[in-house]
$ cat input04.cif   # mmCIF, C-alpha atoms and all ligand atoms
data_my_file
loop_
_atom_site.label_atom_id
_atom_site.label_comp_id
_atom_site.auth_asym_id
_atom_site.auth_seq_id
_atom_site.Cartn_x
_atom_site.Cartn_y
_atom_site.Cartn_z
CA MET A 1 -9.50 -2.78 -20.32
CA SER A 2 -11.54 0.41 -20.24
CA GLY A 3 -10.07 3.60 -21.71
CA ASP A 4 -8.93 5.30 -18.52
CA VAL A 5 -7.34 2.25 -16.89
CA ILE A 6 -3.54 2.47 -17.01
CA LEU A 7 -2.59 -0.53 -14.87
CA GLU A 8 -4.57 -3.72 -14.53
CA ALA A 9 -3.81 -6.80 -12.45
CA VAL A 10 -5.87 -9.95 -12.90
CA ASN A 11 -5.87 -12.63 -10.22
CA VAL A 12 -2.26 -12.00 -9.22
CA VAL A 13 -0.74 -14.63 -6.95
CA LYS A 14 2.74 -14.43 -5.45
CA HIS A 15 3.88 -17.33 -3.32
CA PHE A 16 7.44 -17.59 -2.05
CA GLY A 17 9.03 -21.00 -1.76
CA ALA A 18 6.48 -22.55 -4.12
CA ASN A 19 8.95 -23.66 -6.80
CA GLY A 20 11.77 -25.28 -4.90
CA GLY A 21 14.72 -23.43 -3.40
CA TRP A 22 15.69 -23.11 0.22
CA LEU A 23 12.07 -22.92 1.39
CA SER A 24 10.92 -25.90 -0.68
CA ASN A 25 10.42 -28.25 2.27
CA LYS A 26 8.11 -25.74 3.91
CA ARG A 27 4.69 -24.47 2.99
CA PRO A 28 4.89 -21.58 0.54
CA VAL A 29 4.40 -18.11 1.94
CA GLN A 30 1.18 -16.84 0.36
CA ALA A 31 2.20 -13.20 0.18
CA VAL A 32 -0.37 -12.24 -2.48
CA ASP A 33 -3.29 -14.52 -3.17
CA GLY A 34 -5.65 -13.64 -6.00
CA VAL A 35 -5.61 -9.84 -6.25
CA SER A 36 -7.33 -8.12 -9.17
CA VAL A 37 -7.33 -4.36 -9.54
CA GLN A 38 -7.70 -1.63 -12.15
CA ILE A 39 -5.81 1.62 -11.56
CA ARG A 40 -7.04 4.62 -13.51
CA GLN A 41 -4.99 7.18 -15.37
CA GLY A 42 -4.23 10.20 -13.17
CA GLU A 43 -5.57 8.88 -9.87
CA THR A 44 -3.86 8.27 -6.54
CA PHE A 45 -4.57 4.72 -5.51
CA ALA A 46 -3.57 3.67 -2.01
CA ILE A 47 -2.99 0.12 -0.80
CA VAL A 48 -3.10 -0.11 2.99
CA GLY A 49 -2.74 -2.82 5.58
CA GLU A 50 -0.58 -4.01 8.44
CA SER A 51 3.06 -4.85 7.98
CA GLY A 52 3.26 -8.33 6.42
CA CYS A 53 -0.12 -8.17 4.65
CA GLY A 54 1.51 -8.46 1.21
CA LYS A 55 1.13 -4.89 -0.04
CA SER A 56 4.82 -4.31 -0.79
CA THR A 57 5.08 -7.67 -2.56
CA LEU A 58 2.06 -6.74 -4.67
CA ALA A 59 3.69 -3.40 -5.57
CA ARG A 60 6.84 -5.21 -6.73
CA VAL A 61 4.82 -7.65 -8.82
CA LEU A 62 2.93 -4.74 -10.43
CA MET A 63 6.30 -3.26 -11.44
CA ARG A 64 7.81 -6.61 -12.39
CA LEU A 65 10.47 -6.31 -9.75
CA LEU A 66 9.08 -9.75 -8.82
CA GLU A 67 7.58 -12.36 -11.13
CA PRO A 68 4.02 -13.39 -10.26
CA THR A 69 3.37 -17.05 -9.44
CA GLU A 70 0.06 -16.75 -11.30
CA GLY A 71 -2.01 -14.02 -12.91
CA SER A 72 -1.20 -11.16 -15.22
CA VAL A 73 -0.37 -7.46 -15.07
CA LYS A 74 -0.93 -5.04 -17.94
CA PHE A 75 0.34 -1.48 -18.23
CA ASP A 76 -1.55 0.49 -20.86
CA GLY A 77 -2.30 -2.75 -22.70
CA THR A 78 1.25 -4.17 -22.56
CA ASP A 79 1.68 -7.43 -20.68
CA VAL A 80 4.12 -6.49 -17.91
CA SER A 81 4.61 -10.10 -16.84
CA HIS A 82 6.01 -11.21 -20.21
CA ALA A 83 7.57 -8.03 -21.65
CA GLN A 84 11.10 -8.38 -23.04
CA GLY A 85 13.68 -6.20 -24.77
CA ASN A 86 12.53 -2.72 -25.79
CA ASP A 87 9.02 -3.30 -24.39
CA LEU A 88 10.50 -4.02 -20.97
CA LYS A 89 12.89 -1.06 -21.20
CA SER A 90 9.98 1.21 -22.09
CA LEU A 91 7.93 -0.15 -19.16
CA ARG A 92 10.85 0.43 -16.81
CA GLY A 93 10.76 4.10 -17.82
CA ASP A 94 6.98 4.41 -17.64
CA MET A 95 6.75 2.93 -14.13
CA GLN A 96 9.07 4.17 -11.41
CA PHE A 97 9.46 3.19 -7.77
CA VAL A 98 10.02 5.45 -4.77
CA PHE A 99 11.39 3.51 -1.83
CA GLN A 100 10.61 3.79 1.85
CA ASP A 101 14.09 4.55 3.09
CA PRO A 102 15.59 7.35 1.02
CA PHE A 103 19.01 6.86 2.57
CA SER A 104 19.55 3.19 1.80
CA SER A 105 18.06 3.56 -1.68
CA LEU A 106 20.64 6.20 -2.70
CA ASN A 107 24.25 5.22 -3.35
CA PRO A 108 26.21 7.30 -0.81
CA ARG A 109 29.24 7.46 -3.13
CA MET A 110 27.36 9.13 -5.94
CA SER A 111 26.70 12.86 -6.05
CA VAL A 112 23.10 13.99 -6.30
CA GLY A 113 23.78 15.07 -9.88
CA ARG A 114 24.91 11.57 -10.83
CA LEU A 115 22.09 9.90 -8.90
CA VAL A 116 19.41 11.95 -10.63
CA GLY A 117 21.18 11.90 -14.00
CA GLU A 118 21.81 8.15 -14.07
CA PRO A 119 18.35 7.18 -15.37
CA LEU A 120 18.80 9.72 -18.19
CA GLU A 121 21.75 7.68 -19.48
CA VAL A 122 19.35 4.80 -20.09
CA HIS A 123 16.16 6.57 -21.06
CA ALA A 124 17.59 9.63 -22.85
CA PRO A 125 21.00 8.42 -24.11
CA ASP A 126 21.27 11.09 -26.81
CA LEU A 127 21.55 14.00 -24.36
CA THR A 128 24.89 15.78 -24.27
CA PRO A 129 26.55 16.16 -20.84
CA GLN A 130 25.48 19.80 -20.74
CA GLU A 131 21.89 18.93 -21.64
CA ARG A 132 21.92 16.24 -18.95
CA ARG A 133 23.15 18.75 -16.34
CA THR A 134 20.40 21.17 -17.36
CA ARG A 135 17.80 18.41 -17.10
CA VAL A 136 19.08 17.40 -13.65
CA ALA A 137 18.92 21.01 -12.44
CA ALA A 138 15.32 21.27 -13.64
CA LEU A 139 14.41 18.02 -11.88
CA LEU A 140 15.94 19.20 -8.62
CA ARG A 141 13.99 22.46 -8.79
CA LYS A 142 10.82 20.52 -9.56
CA VAL A 143 11.11 18.65 -6.24
CA GLY A 144 11.92 21.76 -4.21
CA LEU A 145 15.74 21.51 -4.19
CA ARG A 146 18.30 23.83 -5.75
CA ALA A 147 20.42 23.25 -8.85
CA GLU A 148 23.65 23.53 -6.84
CA HIS A 149 22.56 20.54 -4.72
CA ALA A 150 23.71 18.41 -7.67
CA ASP A 151 27.30 18.69 -6.40
CA HIS A 152 26.50 17.40 -2.92
CA TYR A 153 26.18 13.85 -1.53
CA PRO A 154 23.19 12.12 0.10
CA HIS A 155 24.61 12.24 3.64
CA GLU A 156 24.59 16.03 3.50
CA PHE A 157 20.79 16.13 3.33
CA SER A 158 17.93 15.63 5.78
CA GLY A 159 15.56 12.67 5.45
CA GLY A 160 12.92 14.76 3.70
CA GLN A 161 15.47 16.18 1.26
CA ARG A 162 16.80 12.69 0.51
CA GLN A 163 13.28 11.55 -0.30
CA ARG A 164 13.00 14.54 -2.65
CA ILE A 165 16.21 13.34 -4.35
CA GLY A 166 14.66 9.87 -4.69
CA ILE A 167 11.56 11.40 -6.26
CA ALA A 168 13.68 13.51 -8.67
CA ARG A 169 15.53 10.34 -9.70
CA ALA A 170 12.18 8.60 -10.29
CA LEU A 171 10.98 11.55 -12.40
CA ALA A 172 14.09 11.55 -14.60
CA ALA A 173 12.73 8.83 -16.86
CA GLU A 174 9.51 10.85 -17.35
CA PRO A 175 7.32 8.09 -15.94
CA ARG A 176 3.57 7.93 -16.30
CA LEU A 177 3.09 6.02 -13.05
CA ILE A 178 4.98 6.11 -9.75
CA ILE A 179 4.62 3.53 -7.01
CA GLY A 180 5.64 4.80 -3.59
CA ASP A 181 6.32 2.06 -1.05
CA GLU A 182 5.72 3.75 2.31
CA PRO A 183 7.23 6.93 0.82
CA VAL A 184 6.93 8.98 4.01
CA SER A 185 6.93 6.45 6.84
CA ALA A 186 10.68 6.85 7.48
CA LEU A 187 10.30 10.63 7.80
CA ASP A 188 9.54 12.87 10.76
CA VAL A 189 5.85 13.65 11.07
CA SER A 190 6.59 17.32 10.42
CA VAL A 191 8.19 16.45 7.06
CA GLN A 192 5.64 13.86 5.96
CA ALA A 193 3.05 16.46 4.94
CA GLN A 194 5.62 18.30 2.79
CA VAL A 195 6.51 15.16 0.84
CA ILE A 196 2.85 14.16 0.51
CA ASN A 197 2.06 17.62 -0.84
CA LEU A 198 4.99 17.38 -3.26
CA LEU A 199 3.71 14.07 -4.63
CA ALA A 200 0.20 15.52 -4.97
CA ASP A 201 1.55 18.58 -6.82
CA LEU A 202 3.64 16.43 -9.18
CA ARG A 203 0.68 14.24 -9.93
CA ARG A 204 -1.41 17.27 -10.83
CA ASP A 205 1.30 19.13 -12.79
CA LEU A 206 2.71 16.14 -14.67
CA GLY A 207 -0.48 14.11 -15.07
CA LEU A 208 1.06 11.20 -13.15
CA THR A 209 -0.72 8.22 -11.73
CA LEU A 210 0.32 7.42 -8.14
CA VAL A 211 0.11 4.13 -6.29
CA VAL A 212 0.92 4.63 -2.62
CA ILE A 213 1.62 1.74 -0.28
CA ALA A 214 1.09 2.57 3.39
CA HIS A 215 0.28 1.02 6.75
CA ASP A 216 -1.04 4.28 8.16
CA LEU A 217 -4.51 5.31 7.02
CA GLY A 218 -3.90 8.77 8.43
CA VAL A 219 -1.15 9.29 5.83
CA ILE A 220 -3.21 8.36 2.81
CA ARG A 221 -6.64 9.70 3.68
CA HIS A 222 -5.94 13.22 2.39
CA MET A 223 -4.02 12.28 -0.74
CA SER A 224 -5.88 9.29 -2.21
CA ASP A 225 -8.74 9.06 -4.67
CA ARG A 226 -9.30 5.36 -4.06
CA VAL A 227 -8.15 2.91 -1.42
CA ALA A 228 -7.69 -0.85 -1.28
CA VAL A 229 -7.42 -2.42 2.15
CA MET A 230 -5.33 -5.58 2.12
CA TYR A 231 -5.33 -8.40 4.67
CA LEU A 232 -3.14 -11.47 4.48
CA GLY A 233 -2.61 -11.35 0.72
CA ARG A 234 -6.12 -10.35 -0.34
CA PHE A 235 -8.10 -7.15 -0.83
CA VAL A 236 -10.93 -6.98 1.70
CA GLU A 237 -12.31 -3.53 0.83
CA VAL A 238 -11.86 -1.27 -2.20
CA GLY A 239 -13.53 2.02 -3.03
CA ASP A 240 -13.40 5.81 -3.10
CA ALA A 241 -11.13 6.98 -0.29
CA GLU A 242 -13.75 9.24 1.24
CA ASP A 243 -16.33 6.45 1.20
CA VAL A 244 -14.08 3.70 2.55
CA LEU A 245 -12.46 5.80 5.26
CA SER A 246 -15.61 7.60 6.40
CA ARG A 247 -17.92 4.62 6.18
CA PRO A 248 -15.73 1.50 6.42
CA ARG A 249 -17.72 -1.71 5.96
CA HIS A 250 -15.19 -4.44 6.62
CA PRO A 251 -14.40 -5.11 10.29
CA TYR A 252 -10.68 -5.00 9.47
CA THR A 253 -10.96 -1.52 7.92
CA GLN A 254 -13.07 -0.44 10.88
CA ALA A 255 -10.36 -1.66 13.23
CA LEU A 256 -7.61 0.14 11.30
CA MET A 257 -9.63 3.34 11.42
CA ALA A 258 -10.21 2.88 15.14
CA ALA A 259 -6.44 2.78 15.62
CA ILE A 260 -6.04 6.33 14.28
CA PRO A 261 -5.92 8.68 17.29
CA MET A 262 -8.66 11.29 17.55
CA MET A 263 -7.41 14.87 17.39
CA ASP A 264 -8.84 15.55 20.87
CA GLY A 265 -7.24 12.45 22.38
CA THR A 266 -10.52 10.60 23.06
CA ASP A 267 -11.21 7.01 21.97
CA ARG A 268 -13.14 6.31 18.81
CA GLU A 269 -16.34 4.61 19.78
CA LYS A 270 -17.66 2.84 16.73
CA ALA A 271 -15.28 -0.03 16.17
CA PRO A 272 -13.28 -2.51 18.20
CA GLU A 273 -9.54 -2.04 18.15
CA LEU A 274 -7.47 -4.56 16.23
CA LEU A 275 -6.16 -7.26 18.55
CA GLY A 276 -3.95 -10.29 18.05
CA GLU A 277 -1.22 -10.90 15.52
CA LEU A 278 -1.40 -11.28 11.77
CA PRO A 279 -1.63 -15.08 11.16
CA ASN A 280 1.23 -16.91 9.48
CA PRO A 281 0.94 -16.33 5.70
CA SER A 282 2.31 -19.87 5.15
CA ASP A 283 -0.73 -21.26 6.91
CA PRO A 284 -3.54 -18.73 6.56
CA PRO A 285 -6.89 -19.36 8.26
CA SER A 286 -9.56 -21.19 6.27
CA GLY A 287 -12.63 -19.39 4.94
CA CYS A 288 -12.41 -15.68 5.66
CA ARG A 289 -8.76 -15.09 6.53
CA PHE A 290 -9.80 -12.46 9.08
CA HIS A 291 -12.03 -14.79 11.09
CA THR A 292 -9.42 -15.49 13.77
CA ARG A 293 -9.40 -11.80 14.68
CA CYS A 294 -12.90 -10.76 13.76
CA PRO A 295 -15.32 -9.94 16.58
CA TYR A 296 -18.26 -10.65 14.28
CA ALA A 297 -17.11 -14.09 13.08
CA ARG A 298 -19.71 -16.84 12.70
CA PRO A 299 -19.35 -20.53 11.72
CA LEU A 300 -19.76 -19.75 7.99
CA CYS A 301 -16.70 -17.49 8.17
CA GLN A 302 -14.49 -20.46 9.04
CA THR A 303 -15.42 -22.44 5.96
CA GLU A 304 -16.35 -20.05 3.17
CA SER A 305 -14.11 -17.34 1.77
CA PRO A 306 -16.14 -14.17 1.07
CA ALA A 307 -15.81 -12.73 -2.45
CA LEU A 308 -15.10 -9.05 -3.03
CA THR A 309 -18.53 -7.80 -4.10
CA GLY A 310 -20.08 -4.44 -4.92
CA GLU A 311 -19.65 -1.78 -7.60
CA ALA A 312 -17.78 1.40 -6.65
CA HIS A 313 -17.41 0.27 -3.02
CA GLN A 314 -16.43 -3.41 -2.77
CA THR A 315 -16.27 -5.48 0.40
CA ALA A 316 -15.23 -9.07 1.14
CA CYS A 317 -17.38 -9.95 4.15
CA HIS A 318 -20.40 -12.25 4.39
CA PHE A 319 -22.13 -10.02 6.89
CA TRP A 320 -21.03 -6.45 6.21
CA GLU A 321 -24.59 -5.18 5.76
CA GLU A 322 -25.64 -6.57 9.15
CA ILE A 323 -22.48 -5.29 10.77
CA ALA A 324 -23.07 -1.81 9.36
CA GLY A 325 -26.58 -1.80 10.87
CA ALA A 326 -25.70 -3.56 14.12
CA PRO A 327 -26.20 -1.72 17.40
CA VAL A 328 -23.06 0.03 18.50
CA PRO A 329 -21.95 -1.22 21.91
CA ALA A 330 -21.51 1.17 24.79
CA PRO A 331 -18.40 3.32 24.51
CA THR A 332 -15.25 1.51 25.54
CA ARG A 333 -14.06 2.13 29.05
CA LYS A 334 -10.40 1.66 29.77
CA SER A 335 -11.29 -0.71 32.64
CA GLU A 336 -13.14 -3.14 30.37
CA THR A 337 -11.20 -6.14 29.18
CA ALA A 338 -11.03 -6.69 25.44
CA GLU A 339 -12.68 -10.09 25.98
CA ALA A 340 -15.68 -8.45 27.55
CA ARG A 341 -15.93 -5.91 24.73
CA PHE A 342 -15.76 -8.65 22.13
CA ALA A 343 -18.52 -10.58 23.90
CA LEU A 344 -20.69 -7.47 23.64
CA TYR A 345 -20.08 -7.16 19.92
CA ARG A 346 -20.70 -10.85 19.35
CA ALA A 347 -23.92 -10.85 21.32
CA ALA A 348 -25.13 -7.78 19.46
CA THR A 349 -24.35 -9.14 16.02
CA THR A 350 -24.73 -12.90 16.18
CA GLY A 351 -27.51 -13.47 18.65
CA GLY A 352 -25.13 -15.42 20.78
CA THR A 353 -23.73 -17.77 18.12
CA VAL A 354 -20.04 -17.08 18.30
CA ILE A 355 -16.77 -18.70 17.42
CA HIS A 356 -14.26 -18.85 20.19
CA ASN A 357 -11.10 -17.48 18.65
CA ASN A 358 -7.99 -19.22 19.91
CA ASN A 359 -6.11 -15.97 19.98
CA SER A 360 -8.81 -14.07 21.76
CA PRO A 361 -7.36 -11.29 23.80
CA THR A 362 -6.61 -11.80 27.44
CA ALA A 363 -7.46 -9.56 30.34
CA GLU A 364 -4.03 -7.95 29.96
CA ASP A 365 -4.87 -6.59 26.48
FE1 LIG A 401 -14.78 -12.27 7.76
FE2 LIG A 401 -17.00 -13.18 8.86
FE3 LIG A 401 -15.68 -11.18 10.00
FE4 LIG A 401 -16.99 -10.79 7.73
S1 LIG A 401 -17.90 -11.33 9.70
S2 LIG A 401 -14.90 -10.12 8.20
S3 LIG A 401 -16.69 -12.75 6.70
S4 LIG A 401 -14.93 -13.25 9.75
#
$ encode --input "input04.cif" --output "structure tokens" --more "lines below"
Ligand code: SF4
Amino acid sequence: MSGDVILEAVNVVKHFGANGGWLSNKRPVQAVDGVSVQIRQGETFAIVGESGCGKSTLARVLMRLLEPTEGSVKFDGTDVSHAQGNDLKSLRGDMQFVFQDPFSSLNPRMSVGRLVGEPLEVHAPDLTPQERRTRVAALLRKVGLRAEHADHYPHEFSGGQRQRIGIARALAAEPRLIIGDEPVSALDVSVQAQVINLLADLRRDLGLTLVVIAHDLGVIRHMSDRVAVMYLGRFVEVGDAEDVLSRPRHPYTQALMAAIPMMDGTDREKAPELLGELPNPSDPPSGCRFHTRCPYARPLCQTESPALTGEAHQTACHFWEEIAGAPVPAPTRKSETAEARFALYRAATTGGTVIHNNNSPTAED
């Protein structure tokens, strides 16, 4: 592991129902399937993808909230997957989780002071009650709340304030890395920017490393150093956020970007929108898992899984270079059917050799 890498996952696999249990007579759900990643000290690393793509499962495996089916995870050289006793306790302090829903993740019967002070009982057991109260007050101020909020209860706060309480609780153990699982998606749009800015400030001031899980590329594009785009349990594109989001190579990333509304309300013109449903992760498509939804799919895509290749900007697509240089079809008109648009893309990029996708969009799309 190179010097600045704080968290490293190697070929992590997480299948549910693979080892017996109530799902044992069914095919295992391949939630994460062979993900390797190195997260650097002090960076904000975003993992994005549709709901059900496996990003939250991966986050829980990275933190050992779930055991991996295969593969390994190391935090600063310590094997997370096999840590026990004091090593595990230390890791639990070093890596903290911020949940999506700040209300359900906070015990409504506990005061804010107890909620934020609880981790101190485990990670700083020698503090006196007065020292603990002082520490809690400092944590609340750090996240933009007031010391007197310690005497109140979660239901007395807005969604944004509750997420600040969740972040203060995560900071109590003085972590080195925080994983936020959709940390702002339950909040009003007007509050999202405040919480994103808070996380960015804390990262800078405390030297934290942030891993942010999100389905919305608009949320992460201004706060991330690097981005991994995940599809059906695998990374399909990884690189510097500016590079990946400004010049997406993988058709899936292009489609996600196309789904972000333009500020002036017009359609984006350079990529087809994402159509169809995410396939069943118990029975993923052969070859490239995206081929059932990809407008550029060719016969090879059905049989051969593309590896994630490249240096700083990695892509898992057999034809990304051709796709990047392919002629851009005429701007989409609302009256065109999606089928007709896809035929244009296919003709432009495959010379007419196309796969007929069973879930091709209908005229109603
Ligand atoms: Fe996958 Fe083929 Fe589409 Fe590339 S062109 S994303 S390999 S289906």
$ atom_distance --input "input04.cif" --atom1 "CA of Val227 (chain A)" --atom2 "CA of Pro248 (chain A)"
11.0 Å
$ atom_distance --input "input04.cif" --atom1 "CA of Glu182 (chain A)" --atom2 "CA of Gly49 (chain A)"
11.2 Å
$ atom_distance --input "input04.cif" --atom1 "CA of Gly144 (chain A)" --atom2 "CA of Ile39 (chain A)"
27.8 Å
$ residues_around --input "input04.cif" --residues "Val229 (chain A)" --least-positions-apart "6" --cutoff "10 Å" --atoms "only C-alpha atoms" --output "ChimeraX atom specification"
/A:46-50,53,55,214-215,217,235-239,244,250,252-253,256,315
$ write_last_selection --input "input04.cif" --atoms "C-alpha atoms" --output "CSV table (one decimal), in the frame of the given file"
chain,number,residue,atom,x,y,z
A,46,ALA,CA,-3.6,3.7,-2.0
A,47,ILE,CA,-3.0,0.1,-0.8
A,48,VAL,CA,-3.1,-0.1,3.0
A,49,GLY,CA,-2.7,-2.8,5.6
A,50,GLU,CA,-0.6,-4.0,8.4
A,53,CYS,CA,-0.1,-8.2,4.6
A,55,LYS,CA,1.1,-4.9,0.0
A,214,ALA,CA,1.1,2.6,3.4
A,215,HIS,CA,0.3,1.0,6.8
A,217,LEU,CA,-4.5,5.3,7.0
A,235,PHE,CA,-8.1,-7.2,-0.8
A,236,VAL,CA,-10.9,-7.0,1.7
A,237,GLU,CA,-12.3,-3.5,0.8
A,238,VAL,CA,-11.9,-1.3,-2.2
A,239,GLY,CA,-13.5,2.0,-3.0
A,244,VAL,CA,-14.1,3.7,2.6
A,250,HIS,CA,-15.2,-4.4,6.6
A,252,TYR,CA,-10.7,-5.0,9.5
A,253,THR,CA,-11.0,-1.5,7.9
A,256,LEU,CA,-7.6,0.1,11.3
A,315,THR,CA,-16.3,-5.5,0.4
$ residues_near_ligand --input "input04.cif" --ligand "ligand LIG 401 (chain A)" --cutoff "10 Å" --atoms "only C-alpha atoms and all ligand atoms" --output "number ranges by chain"
A: 236, 249-253, 287-307, 315-323, 349-350, 355
$ write_last_selection --input "input04.cif" --atoms "C-alpha atoms" --output "tab-separated table (two decimals), in the coordinates of the input"
chain	number	residue	atom	x	y	z
A	236	VAL	CA	-10.93	-6.98	1.70
A	249	ARG	CA	-17.72	-1.71	5.96
A	250	HIS	CA	-15.19	-4.44	6.62
A	251	PRO	CA	-14.40	-5.11	10.29
A	252	TYR	CA	-10.68	-5.00	9.47
A	253	THR	CA	-10.96	-1.52	7.92
A	287	GLY	CA	-12.63	-19.39	4.94
A	288	CYS	CA	-12.41	-15.68	5.66
A	289	ARG	CA	-8.76	-15.09	6.53
A	290	PHE	CA	-9.80	-12.46	9.08
A	291	HIS	CA	-12.03	-14.79	11.09
A	292	THR	CA	-9.42	-15.49	13.77
A	293	ARG	CA	-9.40	-11.80	14.68
A	294	CYS	CA	-12.90	-10.76	13.76
A	295	PRO	CA	-15.32	-9.94	16.58
A	296	TYR	CA	-18.26	-10.65	14.28
A	297	ALA	CA	-17.11	-14.09	13.08
A	298	ARG	CA	-19.71	-16.84	12.70
A	299	PRO	CA	-19.35	-20.53	11.72
A	300	LEU	CA	-19.76	-19.75	7.99
A	301	CYS	CA	-16.70	-17.49	8.17
A	302	GLN	CA	-14.49	-20.46	9.04
A	303	THR	CA	-15.42	-22.44	5.96
A	304	GLU	CA	-16.35	-20.05	3.17
A	305	SER	CA	-14.11	-17.34	1.77
A	306	PRO	CA	-16.14	-14.17	1.07
A	307	ALA	CA	-15.81	-12.73	-2.45
A	315	THR	CA	-16.27	-5.48	0.40
A	316	ALA	CA	-15.23	-9.07	1.14
A	317	CYS	CA	-17.38	-9.95	4.15
A	318	HIS	CA	-20.40	-12.25	4.39
A	319	PHE	CA	-22.13	-10.02	6.89
A	320	TRP	CA	-21.03	-6.45	6.21
A	321	GLU	CA	-24.59	-5.18	5.76
A	322	GLU	CA	-25.64	-6.57	9.15
A	323	ILE	CA	-22.48	-5.29	10.77
A	349	THR	CA	-24.35	-9.14	16.02
A	350	THR	CA	-24.73	-12.90	16.18
A	355	ILE	CA	-16.77	-18.70	17.42
$ decode --input "input04.cif" --residues "region 50-108 of chain A" --atoms "C-alpha atoms" --output "PDB file, in the first residue's frame"
ATOM      1  CA  GLU A  50     -28.482   4.092  -8.944  1.00  0.00           C
ATOM      2  CA  SER A  51     -30.328   2.747  -5.956  1.00  0.00           C
ATOM      3  CA  GLY A  52     -29.577  -0.988  -5.725  1.00  0.00           C
ATOM      4  CA  CYS A  53     -26.160  -0.827  -7.427  1.00  0.00           C
ATOM      5  CA  GLY A  54     -24.376  -2.061  -4.285  1.00  0.00           C
ATOM      6  CA  LYS A  55     -22.750   1.161  -3.098  1.00  0.00           C
ATOM      7  CA  SER A  56     -24.234   1.119   0.410  1.00  0.00           C
ATOM      8  CA  THR A  57     -23.331  -2.556   0.832  1.00  0.00           C
ATOM      9  CA  LEU A  58     -19.771  -1.762  -0.221  1.00  0.00           C
ATOM     10  CA  ALA A  59     -19.629   1.071   2.338  1.00  0.00           C
ATOM     11  CA  ARG A  60     -20.730  -1.307   5.097  1.00  0.00           C
ATOM     12  CA  VAL A  61     -18.142  -3.890   4.080  1.00  0.00           C
ATOM     13  CA  LEU A  62     -15.423  -1.207   4.103  1.00  0.00           C
ATOM     14  CA  MET A  63     -16.403  -0.399   7.703  1.00  0.00           C
ATOM     15  CA  ARG A  64     -16.893  -4.037   8.677  1.00  0.00           C
ATOM     16  CA  LEU A  65     -20.533  -3.483   9.434  1.00  0.00           C
ATOM     17  CA  LEU A  66     -20.857  -6.433   7.023  1.00  0.00           C
ATOM     18  CA  GLU A  67     -18.418  -9.291   6.504  1.00  0.00           C
ATOM     19  CA  PRO A  68     -17.148  -9.670   2.928  1.00  0.00           C
ATOM     20  CA  THR A  69     -17.839 -12.957   1.129  1.00  0.00           C
ATOM     21  CA  GLU A  70     -14.383 -12.671  -0.443  1.00  0.00           C
ATOM     22  CA  GLY A  71     -11.574 -10.143  -0.598  1.00  0.00           C
ATOM     23  CA  SER A  72      -9.869  -7.975   1.971  1.00  0.00           C
ATOM     24  CA  VAL A  73     -10.066  -4.461   3.390  1.00  0.00           C
ATOM     25  CA  LYS A  74      -7.154  -2.694   5.068  1.00  0.00           C
ATOM     26  CA  PHE A  75      -7.266   0.535   7.045  1.00  0.00           C
ATOM     27  CA  ASP A  76      -3.835   2.095   7.426  1.00  0.00           C
ATOM     28  CA  GLY A  77      -2.272  -1.355   7.099  1.00  0.00           C
ATOM     29  CA  THR A  78      -4.613  -3.128   9.558  1.00  0.00           C
ATOM     30  CA  ASP A  79      -6.741  -5.923   8.130  1.00  0.00           C
ATOM     31  CA  VAL A  80     -10.286  -4.694   8.781  1.00  0.00           C
ATOM     32  CA  SER A  81     -11.835  -8.011   7.768  1.00  0.00           C
ATOM     33  CA  HIS A  82     -10.059  -9.998  10.501  1.00  0.00           C
ATOM     34  CA  ALA A  83      -9.457  -7.432  13.263  1.00  0.00           C
ATOM     35  CA  GLN A  84     -10.434  -8.502  16.783  1.00  0.00           C
ATOM     36  CA  GLY A  85     -10.303  -7.081  20.311  1.00  0.00           C
ATOM     37  CA  ASN A  86      -8.425  -3.805  20.731  1.00  0.00           C
ATOM     38  CA  ASP A  87      -7.572  -3.630  17.001  1.00  0.00           C
ATOM     39  CA  LEU A  88     -11.266  -3.748  16.148  1.00  0.00           C
ATOM     40  CA  LYS A  89     -12.147  -1.221  18.862  1.00  0.00           C
ATOM     41  CA  SER A  90      -9.484   1.125  17.526  1.00  0.00           C
ATOM     42  CA  LEU A  91     -10.792   0.710  13.962  1.00  0.00           C
ATOM     43  CA  ARG A  92     -14.325   1.439  15.146  1.00  0.00           C
ATOM     44  CA  GLY A  93     -13.053   4.775  16.454  1.00  0.00           C
ATOM     45  CA  ASP A  94     -10.958   5.576  13.387  1.00  0.00           C
ATOM     46  CA  MET A  95     -13.813   4.938  10.942  1.00  0.00           C
ATOM     47  CA  GLN A  96     -17.216   6.458  11.589  1.00  0.00           C
ATOM     48  CA  PHE A  97     -20.487   6.273   9.677  1.00  0.00           C
ATOM     49  CA  VAL A  98     -22.970   9.057   8.987  1.00  0.00           C
ATOM     50  CA  PHE A  99     -26.353   7.662   8.032  1.00  0.00           C
ATOM     51  CA  GLN A 100     -28.833   8.841   5.438  1.00  0.00           C
ATOM     52  CA  ASP A 101     -31.771   9.434   7.719  1.00  0.00           C
ATOM     53  CA  PRO A 102     -30.671  11.502  10.696  1.00  0.00           C
ATOM     54  CA  PHE A 103     -33.968  10.963  12.485  1.00  0.00           C
ATOM     55  CA  SER A 104     -34.072   7.172  12.512  1.00  0.00           C
ATOM     56  CA  SER A 105     -30.357   6.938  13.319  1.00  0.00           C
ATOM     57  CA  LEU A 106     -30.748   8.962  16.545  1.00  0.00           C
ATOM     58  CA  ASN A 107     -32.433   7.433  19.580  1.00  0.00           C
ATOM     59  CA  PRO A 108     -35.390   9.770  20.230  1.00  0.00           C
TER      60      PRO A 108
END
